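As structure tokens, the structure follows; a few thoughts come after it.
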Amino acid sequence: MSSISMRVNGEMRTATVAPETTLLRFLREQLNLTGAKLGCDVGDCGACTVIVDGMAVNACLMLADQADGRDVLTIEGLATRDQLHPLQQAFEIHAALQCGFCGPGVIMSAKALLDETPDPTVQEINDALAGNLCRCTGYTKMVAAIQDVARSRGAGTVKLPAPGNSGRA
Amino acid sequence: MKAFDVVVAKDANEALALLAAHGARAKLLAGGTDLLVDLKSAAQVPDVVVDISRATDLAGIELTEHGLRIGALATHTAVMRSPLIQEYFPALVDASHTVGAVQTRNLGTLAGNLITCVPSMDGGPPLLALEAIVTLALSAGRREVPLGEFFVGPRKTVLKPDEMLLDIVIPRKNLGKPTAFLKFGLRKGQALALVNVAASAWIDPKRQVFVEPRIALGAVAPTVIRARQAEAWLEGRPATPESMAEAGRIAAGEAKPISDFRASAGYRRDLIQVLTARALAQAAAQAASKRKETSR
Ligand code: FES
Ligand code: FES
């Protein structure tokens with residue numbers, strides 16, 4: 001067994017895992033963070049996308065052990081108790097998800113993109129989402145939602161809007 | 001996944017010692033985008049996975065006296081963002097950009113792409129066209145192997161079980177050599193190449209002829225290959241559309257494409273011909289625009 005500790009959504013978590021445990025299984029089964037989904041388990045679908053040290057990665061292709069000492073952000077780390085993240089709001093307003101299975105992965109990919117490229121082109125958004133398969137909605141509404149967030153936030157990292165101004169539909 | 005042990009190696013020496021101790025019962029884990037996929041479906045897993053993903057001495061992309069050194073842990077994303085690679089080898093940026101998607105490029109390494117050694121690898125053709133050399137190490141010593149001799153067959157390289165790849169070096173003489181990479185897949189995103197081609201060449205500014213043209217083809221033979229007959233034919237020929245088209249025809253004849261569910265051999269041959277001519281044209285155009293820059 002390996003003993004690991006990492007920051008998950010801002011909180012230090014320490015645990016013991018079997019060495020072959022993927023980061024995805026660790027998050028879902030040991031930390032009960034079931035936002036990241038188990039889709040293909042081989043790096044094709046992006047449903048498991050989380051952000052590790054600022055980079056979007058497939059949590060199914062990383063051992064929990066490899067995330068030891070790192071900073072992990074999952075979809076659960078975006079909203080606060082009373083406020084959705086602007087990306088989540090925009091996805092809701094644009095109805096950019098149907099079944100929602102791909103959603104946590106898509107939104108984490110979008111977050112990683114906007115953190116680095118605050119004002120992306122459509123081409124850059126498409127590139128950022130190429131590893132996230134959506135079988136329901138298609139991508140047009142997602143791209144529009146991401147553009148909306150980029151436009152309304154301007155340059156800089158996406159920030160949570162002021163309370164009472166969520167713009168929710 | 002079946003159970004295995006994980007040992008973290010914090011540098012190359014530790015990794016080599018672990019490989020020497022465990023031999024064929026150990027596997028190195030760097031980006032993990034291929035290894036973990038394999039292990040999930042494997043009937044037999046190694047006893048020990050040696051995790052080198054945080055071995056700092058293996059990361060890094062830098063200029064040395066020998067040329068451009070790309071450390072074994074350089075990810076595709078690191079390759080794409082490296083100012084050195086952007087300046088000297090934009091074709092490598094293009095190749096890494098076509099690998100997988102953001103999430104896999106953030107994890108997967110260029111070296112791993114070579115080591116997994118599938119015929120359709122995108123990292124292979126530009127590196128082969130630039131005559132890259134890989135440094136391999138055992139705990140007992142090192143050897144340098146030209147990339148063309150590193151590949152043995154599908155999923156097979158000359159790497160011994162207790163040997164590891166330390167870095168990829170593009171020789172100094174090829175720094176800034178005009179190079180183009182082109183890939184044709186069934187989709188734009190996350191698709192394996194039906195054919196990929198890289199061409200590098202200098203153009204003699206006075207005579208406007210090809211000098212040291214190098215053509216590498218992927219997905220059309222058991223490993224990535226050089227189109228040596230086409231290269232030899234092109235040497236000293238004028239950089240014209242006609243000569244590039246003829247080089248494409250010769251290259252198509254040298255390849256041994258197969259028919260599979262993605263494409264027929266005949267279709268792949270047509271692709272080689274067209275992509276080779278286009279890659280040569282792009283390399284020639286780069287040479288021309290570089291000349292303009294320097295004369296300005
Ligand atoms: S579950 Fe990780 S990419 Fe599909
Ligand atoms: S909304 Fe169903 S897969 Fe994307």
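Ligands are numbered from 1 in the order shown, residues from 1 within each chain, and chains are lettered A, B, ... in the order they appear in the structure tokens.
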Fill in: Test item: residues no farther than 12 Å from ligand 2, counting only C-alpha atoms and all ligand atoms, as a ChimeraX atom specification
/A:37,39,45-47,91-92,95-107,129,132-142
Practice prompt. Around ligand 1, at most 8 Å away and counting only C-alpha atoms and all ligand atoms, which residues are there? Put them as a ChimeraX atom specification, please.
Written response: /A:24,37-49,58-61,131-132
Worksheet item: How many Å separate atom CA of Ile272 of chain B from atom CA of His76 of chain B?
Response: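 Those two atoms sit 24.6 Å apart.
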Contact table chain B vs chain A, cut-off 10 Å, shortest pair per residue, only C-alpha atoms, as JSON lines:
{"residue": "B:Met1", "atom": "CA", "partner": "A:Glu20", "partner_atom": "CA", "distance": 6.5}
{"residue": "B:Lys2", "atom": "CA", "partner": "A:Glu20", "partner_atom": "CA", "distance": 7.4}
{"residue": "B:Ala3", "atom": "CA", "partner": "A:Glu20", "partner_atom": "CA", "distance": 5.9}
{"residue": "B:Phe4", "atom": "CA", "partner": "A:Glu20", "partner_atom": "CA", "distance": 6.1}
{"residue": "B:Asp5", "atom": "CA", "partner": "A:Pro19", "partner_atom": "CA", "distance": 5.8}
{"residue": "B:Val6", "atom": "CA", "partner": "A:Pro19", "partner_atom": "CA", "distance": 5.8}
{"residue": "B:Val7", "atom": "CA", "partner": "A:Pro19", "partner_atom": "CA", "distance": 9.1}
{"residue": "B:Val8", "atom": "CA", "partner": "A:Gln66", "partner_atom": "CA", "distance": 8.7}
{"residue": "B:Leu29", "atom": "CA", "partner": "A:Gln66", "partner_atom": "CA", "distance": 9.7}
{"residue": "B:Ala30", "atom": "CA", "partner": "A:Gln66", "partner_atom": "CA", "distance": 9.8}
{"residue": "B:Gly31", "atom": "CA", "partner": "A:Met62", "partner_atom": "CA", "distance": 8.2}
{"residue": "B:Gly32", "atom": "CA", "partner": "A:Leu61", "partner_atom": "CA", "distance": 6.2}
{"residue": "B:Thr33", "atom": "CA", "partner": "A:Leu61", "partner_atom": "CA", "distance": 5.8}
{"residue": "B:Asp34", "atom": "CA", "partner": "A:Leu61", "partner_atom": "CA", "distance": 8.5}
{"residue": "B:Leu35", "atom": "CA", "partner": "A:Leu61", "partner_atom": "CA", "distance": 8.8}
{"residue": "B:Leu36", "atom": "CA", "partner": "A:Leu61", "partner_atom": "CA", "distance": 6.1}
{"residue": "B:Val37", "atom": "CA", "partner": "A:Val42", "partner_atom": "CA", "distance": 5.4}
{"residue": "B:Asp38", "atom": "CA", "partner": "A:Val42", "partner_atom": "CA", "distance": 8.9}
{"residue": "B:Leu39", "atom": "CA", "partner": "A:Glu20", "partner_atom": "CA", "distance": 9.5}
{"residue": "B:Lys40", "atom": "CA", "partner": "A:Val42", "partner_atom": "CA", "distance": 8.4}
{"residue": "B:Ser41", "atom": "CA", "partner": "A:Val42", "partner_atom": "CA", "distance": 9.9}
{"residue": "B:Val48", "atom": "CA", "partner": "A:Pro19", "partner_atom": "CA", "distance": 9.9}
{"residue": "B:Val49", "atom": "CA", "partner": "A:Glu20", "partner_atom": "CA", "distance": 9.2}
{"residue": "B:Asp51", "atom": "CA", "partner": "A:Gln66", "partner_atom": "CA", "distance": 7.7}
{"residue": "B:Ile52", "atom": "CA", "partner": "A:Gln66", "partner_atom": "CA", "distance": 9.5}
{"residue": "B:Ser53", "atom": "CA", "partner": "A:Gln66", "partner_atom": "CA", "distance": 7.5}
{"residue": "B:Arg54", "atom": "CA", "partner": "A:Gln66", "partner_atom": "CA", "distance": 8.3}
{"residue": "B:Thr77", "atom": "CA", "partner": "A:Met55", "partner_atom": "CA", "distance": 9.9}
{"residue": "B:His97", "atom": "CA", "partner": "A:Asp127", "partner_atom": "CA", "distance": 9.5}
{"residue": "B:Gly100", "atom": "CA", "partner": "A:Gly131", "partner_atom": "CA", "distance": 7.3}
{"residue": "B:Ala101", "atom": "CA", "partner": "A:Gly131", "partner_atom": "CA", "distance": 4.8}
{"residue": "B:Val102", "atom": "CA", "partner": "A:Ala128", "partner_atom": "CA", "distance": 6.1}
{"residue": "B:Gln103", "atom": "CA", "partner": "A:Val57", "partner_atom": "CA", "distance": 4.2}
{"residue": "B:Thr104", "atom": "CA", "partner": "A:Val57", "partner_atom": "CA", "distance": 6.5}
{"residue": "B:Arg105", "atom": "CA", "partner": "A:Val57", "partner_atom": "CA", "distance": 8.5}
{"residue": "B:Asn106", "atom": "CA", "partner": "A:Val57", "partner_atom": "CA", "distance": 6.4}
{"residue": "B:Leu107", "atom": "CA", "partner": "A:Val57", "partner_atom": "CA", "distance": 6.8}
{"residue": "B:Gly108", "atom": "CA", "partner": "A:Leu61", "partner_atom": "CA", "distance": 9.7}
{"residue": "B:Lys188", "atom": "CA", "partner": "A:Ala130", "partner_atom": "CA", "distance": 8.7}
{"residue": "B:Gly189", "atom": "CA", "partner": "A:Ala130", "partner_atom": "CA", "distance": 5.5}
{"residue": "B:Gln190", "atom": "CA", "partner": "A:Ala130", "partner_atom": "CA", "distance": 6.8}
Discussion item. From a backbone DSSP assignment, name each residue in segment 128-269 of chain B labelled helix (DSSP H, G or I), as a PyMOL selection string.
Written reply: chain B and resi 128-129+147-150+172-174+228-234+241-254+265-269
Just write the chosen residues, C-alpha atoms, as a PDB file, in the first residue's frame.
ATOM      1  CA  LEU B 128      13.709  10.811 -38.179  1.00  0.00           C
ATOM      2  CA  ALA B 129      13.749  13.470 -40.898  1.00  0.00           C
ATOM      3  CA  LEU B 147      16.564   6.912 -34.327  1.00  0.00           C
ATOM      4  CA  GLY B 148      16.267   4.842 -37.518  1.00  0.00           C
ATOM      5  CA  GLU B 149      18.064   1.979 -35.770  1.00  0.00           C
ATOM      6  CA  PHE B 150      16.045   2.363 -32.579  1.00  0.00           C
ATOM      7  CA  ARG B 172      23.552  20.654 -34.156  1.00  0.00           C
ATOM      8  CA  LYS B 173      24.051  20.573 -37.944  1.00  0.00           C
ATOM      9  CA  ASN B 174      20.287  20.354 -38.331  1.00  0.00           C
ATOM     10  CA  ARG B 228      15.922   6.877 -49.085  1.00  0.00           C
ATOM     11  CA  GLN B 229      15.466   6.426 -52.831  1.00  0.00           C
ATOM     12  CA  ALA B 230      13.355   9.543 -53.016  1.00  0.00           C
ATOM     13  CA  GLU B 231      15.941  11.413 -50.945  1.00  0.00           C
ATOM     14  CA  ALA B 232      18.792  10.279 -53.207  1.00  0.00           C
ATOM     15  CA  TRP B 233      16.857  11.220 -56.330  1.00  0.00           C
ATOM     16  CA  LEU B 234      16.028  14.657 -54.948  1.00  0.00           C
ATOM     17  CA  PRO B 241       6.766  21.377 -58.073  1.00  0.00           C
ATOM     18  CA  GLU B 242       7.746  18.790 -60.683  1.00  0.00           C
ATOM     19  CA  SER B 243      10.706  17.439 -58.757  1.00  0.00           C
ATOM     20  CA  MET B 244       8.729  17.384 -55.513  1.00  0.00           C
ATOM     21  CA  ALA B 245       5.920  15.462 -57.206  1.00  0.00           C
ATOM     22  CA  GLU B 246       8.400  12.961 -58.589  1.00  0.00           C
ATOM     23  CA  ALA B 247       9.971  12.517 -55.126  1.00  0.00           C
ATOM     24  CA  GLY B 248       6.462  11.811 -53.845  1.00  0.00           C
ATOM     25  CA  ARG B 249       5.974   9.136 -56.488  1.00  0.00           C
ATOM     26  CA  ILE B 250       9.271   7.475 -55.617  1.00  0.00           C
ATOM     27  CA  ALA B 251       8.501   7.606 -51.883  1.00  0.00           C
ATOM     28  CA  ALA B 252       5.122   5.957 -52.461  1.00  0.00           C
ATOM     29  CA  GLY B 253       6.915   3.128 -54.230  1.00  0.00           C
ATOM     30  CA  GLU B 254       9.289   2.603 -51.313  1.00  0.00           C
ATOM     31  CA  ALA B 265      -3.018   0.202 -49.238  1.00  0.00           C
ATOM     32  CA  GLY B 266      -3.729   1.960 -52.529  1.00  0.00           C
ATOM     33  CA  TYR B 267      -5.307   4.926 -50.785  1.00  0.00           C
ATOM     34  CA  ARG B 268      -2.357   5.146 -48.428  1.00  0.00           C
ATOM     35  CA  ARG B 269       0.038   5.129 -51.402  1.00  0.00           C
TER      36      ARG B 269
END
Discussion item. If DSSP is run on the backbone, what residues of chain A are strand (DSSP E)? A reply as a PyMOL selection string would be ideal.
Written reply: chain A and resi 2-8+11-17+49-52+55-58+71-73
